[in-house]
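Chemist: Provided herewith is a single structure, encoded as structure tokens, for subsequent inquiry.
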Amino acid sequence: MSRRPIVAGNWKMHGTVSSVEQLVNGLLESELSALNCDVAVCPPALYVAQVQQLVADSMINVGTQNCSPFEQGAYTGEISAKMSADIGCKYVILGHSERRTLFAESDEVIAEKVAAVLEAGLVPVFCVGETLEQREGNETLDVITQQLNVVADKIGNDKLVELVIAYEPVWAIGTGKTASPEQAQEVHAAIRRWLASRSESAAAEVRIVYGGSVKAANATELFAQADIDGGLIGGAALDANEFYQICKAAG
Ligand code: PGA
């Protein structure tokens, strides 16, 4: 079966009201709607409502970059998955390596967040990936399998089909070093085999996207791989034309 590609922009902690407006207007002027590709942008939470208004009549979907594992209550500073749903988001990025390392998020906390996002009716863009040290120690597949297992054990195999999985080698994020298409494909294929061991339909349907220094110049080669179904784009998502070119490479 063929999976519709998806490209999501992870804006991280970048932007101002005016730069957000400029970036989204640039995307709206491009021909994204002509592509066979789902497109999402994930701004900082404070700008989500602004982006929602701007993209309301377009095919661009909006997501958040994190959420609380809790539903509501006295959790100062937190934003729930239900709030992301309420404001009209479709996706929530979870388990990004920056959250794992800089904000000490464990596999268990991430699994709770994935469950909260599914409960809210949204699509988790669940990130996995190994560090350079782990890759050099030949631990890549063990690390990724562990990250995947904790989430699957929490949500149950029948829910796996609802995920988008992002493979993001930590050593390739924001470094300009991309995994080669072959290196990425090898891990994507392993993730799909892991999915098959849990759920045949998830193996067939789940989109596994690659992230880590994707740009227009390397996107076509990456997306040509059999098990790479799009990308999670950081730095290059802050430039409307570059992001459009990446979407074009996917769709
Ligand atoms: P990058 O970031 O494209 O800037 O490497 C990707 C990501 O962190 O999702």
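Naming scheme: A, B, ... for chains in displayed order of the structure tokens; residues 1 onward per chain; ligands 1 onward as shown.
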Taking only C-alpha atoms and all ligand atoms into account, report as number ranges by chain which residues have an atom no farther than 10 Å from an atom of ligand 1.
Modeler: A: 8-12, 65, 93, 96-98, 127, 166-178, 210-215, 231-238
Chemist: Could you give me the residues within segment 12-155 of chain A that DSSP places in strand (DSSP E), as a PyMOL selection string?
Modeler: chain A and resi 38-42+60-64+91-94+123-128
Chemist: In terms of the shortest atom-to-atom distance over only C-alpha atoms, which of A:Val209, A:Ala219, A:Val62, A:Val125 is closest to Ile246 of chain A?
Modeler: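 Smallest distance to Ile246 of chain A is found for A:Ala219.
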Chemist: Considering only C-alpha atoms, can you say which of A:Val128, A:Leu46, A:Leu160, A:Ala249 comes closest to Val143 of chain A?
Modeler: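 Closest residue, counting only C-alpha atoms: A:Val128.
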Chemist: Rank nothing, just name the residue among A:Arg3, A:Asp38, A:Val48, A:Leu222 nearest to Thr16 of chain A, using only C-alpha atoms.
Modeler: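 Between A:Arg3, A:Asp38, A:Val48, A:Leu222, the residue approaching Thr16 of chain A most closely is A:Val48.
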Chemist: Show which residues sit within 9 Å of Ala204 of chain A, as a PyMOL selection string. Count only C-alpha atoms, and ignore same-chain residues fewer than 4 positions away.
Modeler: chain A and resi 1-3+161+192+195-196+199-200
Chemist: Taking the chain letters and numbering used in this document, name the residues of segment 42-134 of chain A that DSSP puts in alpha helix (DSSP H), as number ranges by chain.
Modeler: A: 48-55, 81-86, 97-102, 107-119, 132-134
Chemist: So that I have them on file, write out the residues from the current selection with N, CA and C atoms, as a compact mmCIF listing (two decimals), in the first residue's frame.
Modeler:
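The result, written out as out.txt:
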# COMPACT_ATOMS: atom_id res chain seq x y z
N VAL A 48 0.58 29.53 17.95
CA VAL A 48 -0.28 28.55 17.27
C VAL A 48 -1.60 29.19 16.81
N ALA A 49 -2.21 30.00 17.67
CA ALA A 49 -3.51 30.60 17.30
C ALA A 49 -3.34 31.53 16.10
N GLN A 50 -2.26 32.28 16.10
CA GLN A 50 -1.98 33.18 14.97
C GLN A 50 -1.83 32.38 13.68
N VAL A 51 -1.07 31.30 13.76
CA VAL A 51 -0.85 30.48 12.57
C VAL A 51 -2.16 29.83 12.12
N GLN A 52 -2.93 29.33 13.08
CA GLN A 52 -4.22 28.72 12.75
C GLN A 52 -5.08 29.67 11.92
N GLN A 53 -5.13 30.93 12.35
CA GLN A 53 -5.95 31.91 11.62
C GLN A 53 -5.44 32.10 10.20
N LEU A 54 -4.12 32.19 10.09
CA LEU A 54 -3.54 32.45 8.77
C LEU A 54 -3.75 31.28 7.80
N VAL A 55 -3.68 30.06 8.31
CA VAL A 55 -3.74 28.89 7.41
C VAL A 55 -5.15 28.31 7.30
N ALA A 81 -2.72 18.25 25.89
CA ALA A 81 -3.01 17.77 24.53
C ALA A 81 -4.41 18.24 24.12
N LYS A 82 -5.33 18.22 25.07
CA LYS A 82 -6.71 18.65 24.76
C LYS A 82 -6.75 20.10 24.33
N MET A 83 -5.89 20.94 24.93
CA MET A 83 -5.83 22.35 24.51
C MET A 83 -5.32 22.46 23.07
N SER A 84 -4.34 21.64 22.72
CA SER A 84 -3.86 21.64 21.33
C SER A 84 -5.00 21.25 20.40
N ALA A 85 -5.81 20.27 20.81
CA ALA A 85 -6.95 19.85 19.99
C ALA A 85 -7.98 20.97 19.92
N ASP A 86 -8.24 21.61 21.05
CA ASP A 86 -9.26 22.65 21.13
C ASP A 86 -8.94 23.82 20.20
N SER A 97 14.66 14.81 20.69
CA SER A 97 15.89 14.60 21.47
C SER A 97 16.23 15.83 22.32
N GLU A 98 15.81 17.03 21.86
CA GLU A 98 16.08 18.21 22.69
C GLU A 98 15.28 18.13 23.99
N ARG A 99 14.09 17.59 23.93
CA ARG A 99 13.29 17.42 25.15
C ARG A 99 13.85 16.29 25.99
N ARG A 100 14.32 15.25 25.33
CA ARG A 100 14.89 14.13 26.10
C ARG A 100 16.14 14.57 26.85
N THR A 101 17.02 15.32 26.17
CA THR A 101 18.29 15.65 26.81
C THR A 101 18.23 16.94 27.63
N LEU A 102 17.68 18.01 27.06
CA LEU A 102 17.71 19.30 27.77
C LEU A 102 16.66 19.39 28.87
N ASP A 107 11.70 7.93 28.64
CA ASP A 107 10.82 7.15 27.76
C ASP A 107 9.42 7.02 28.38
N GLU A 108 9.37 6.89 29.70
CA GLU A 108 8.09 6.68 30.38
C GLU A 108 7.21 7.94 30.31
N VAL A 109 7.82 9.10 30.55
CA VAL A 109 7.05 10.36 30.47
C VAL A 109 6.57 10.58 29.03
N ILE A 110 7.45 10.29 28.09
CA ILE A 110 7.08 10.47 26.68
C ILE A 110 5.90 9.54 26.34
N ALA A 111 5.95 8.32 26.86
CA ALA A 111 4.85 7.38 26.59
C ALA A 111 3.53 7.91 27.16
N GLU A 112 3.60 8.53 28.33
CA GLU A 112 2.37 9.11 28.90
C GLU A 112 1.85 10.25 28.03
N LYS A 113 2.77 11.03 27.50
CA LYS A 113 2.36 12.14 26.62
C LYS A 113 1.75 11.60 25.32
N VAL A 114 2.35 10.55 24.77
CA VAL A 114 1.80 9.96 23.55
C VAL A 114 0.37 9.49 23.81
N ALA A 115 0.18 8.85 24.97
CA ALA A 115 -1.17 8.38 25.32
C ALA A 115 -2.14 9.56 25.44
N ALA A 116 -1.67 10.66 26.05
CA ALA A 116 -2.55 11.83 26.21
C ALA A 116 -2.93 12.43 24.86
N VAL A 117 -1.99 12.43 23.94
CA VAL A 117 -2.26 12.99 22.61
C VAL A 117 -3.27 12.12 21.86
N LEU A 118 -3.11 10.81 21.95
CA LEU A 118 -4.08 9.92 21.29
C LEU A 118 -5.46 10.09 21.92
N GLU A 119 -5.50 10.20 23.22
CA GLU A 119 -6.76 10.39 23.95
C GLU A 119 -7.46 11.68 23.49
N LEU A 132 25.57 9.99 18.73
CA LEU A 132 26.74 9.55 17.97
C LEU A 132 27.46 8.43 18.71
N GLU A 133 27.58 8.60 20.02
CA GLU A 133 28.25 7.58 20.83
C GLU A 133 27.54 6.23 20.71
N GLN A 134 26.22 6.27 20.75
CA GLN A 134 25.46 5.02 20.64
C GLN A 134 25.63 4.42 19.25
Chemist: Pick out the residues sitting within 7 Å of Thr64 of chain A, and hand them over as a CSV table (one decimal) with N, CA and C atoms, in the first residue's frame; count only C-alpha atoms, and ignore anything fewer than 4 positions along from it in its own chain.
Modeler:
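selection-v7.csv, freshly written:
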chain,number,residue,atom,x,y,z
A,42,CYS,N,4.7,23.4,13.0
A,42,CYS,CA,4.6,23.3,14.5
A,42,CYS,C,5.4,24.5,15.1
A,43,PRO,N,4.6,25.6,15.3
A,43,PRO,CA,5.2,26.8,15.9
A,43,PRO,C,5.3,26.7,17.4
A,44,PRO,N,6.0,27.6,18.0
A,44,PRO,CA,6.0,27.7,19.5
A,44,PRO,C,4.5,27.9,19.9
A,45,ALA,N,4.1,27.4,21.0
A,45,ALA,CA,2.7,27.3,21.4
A,45,ALA,C,2.0,28.7,21.4
A,84,SER,N,-4.3,21.6,22.7
A,84,SER,CA,-3.9,21.6,21.3
A,84,SER,C,-5.0,21.3,20.4
A,91,TYR,N,-1.4,17.8,15.1
A,91,TYR,CA,-0.3,17.0,15.5
A,91,TYR,C,0.4,17.5,16.8
A,92,VAL,N,1.1,16.6,17.4
A,92,VAL,CA,1.9,17.1,18.6
A,92,VAL,C,3.3,16.3,18.4
A,93,ILE,N,4.4,17.0,18.3
A,93,ILE,CA,5.7,16.4,18.3
A,93,ILE,C,6.0,16.0,19.7
Chemist: Could you tell me which of A:Leu141, A:Gly129, A:Ala216, A:Ala152 comes closest to Ala179 of chain A if we count only C-alpha atoms?
Modeler: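 Once distances to Ala179 of chain A are computed over only C-alpha atoms, the minimum belongs to A:Gly129.
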Chemist: With distances taken over only C-alpha atoms, which of A:Gly15, A:Gly77, A:Pro69, A:Gly121 is nearest to Tyr47 of chain A?
Modeler: A:Gly15
Chemist: Tell me, in Å to one decimal, how far atom CA of Arg4 of chain A is from atom CA of Ile165 of chain A.
Modeler: 13.8 Å
Chemist: Do you have the atom CA of Ile191 of chain A-atom CA of Ile6 of chain A distance handy?
Modeler: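 Separating atom CA of Ile191 of chain A from atom CA of Ile6 of chain A is a distance of 17.1 Å.
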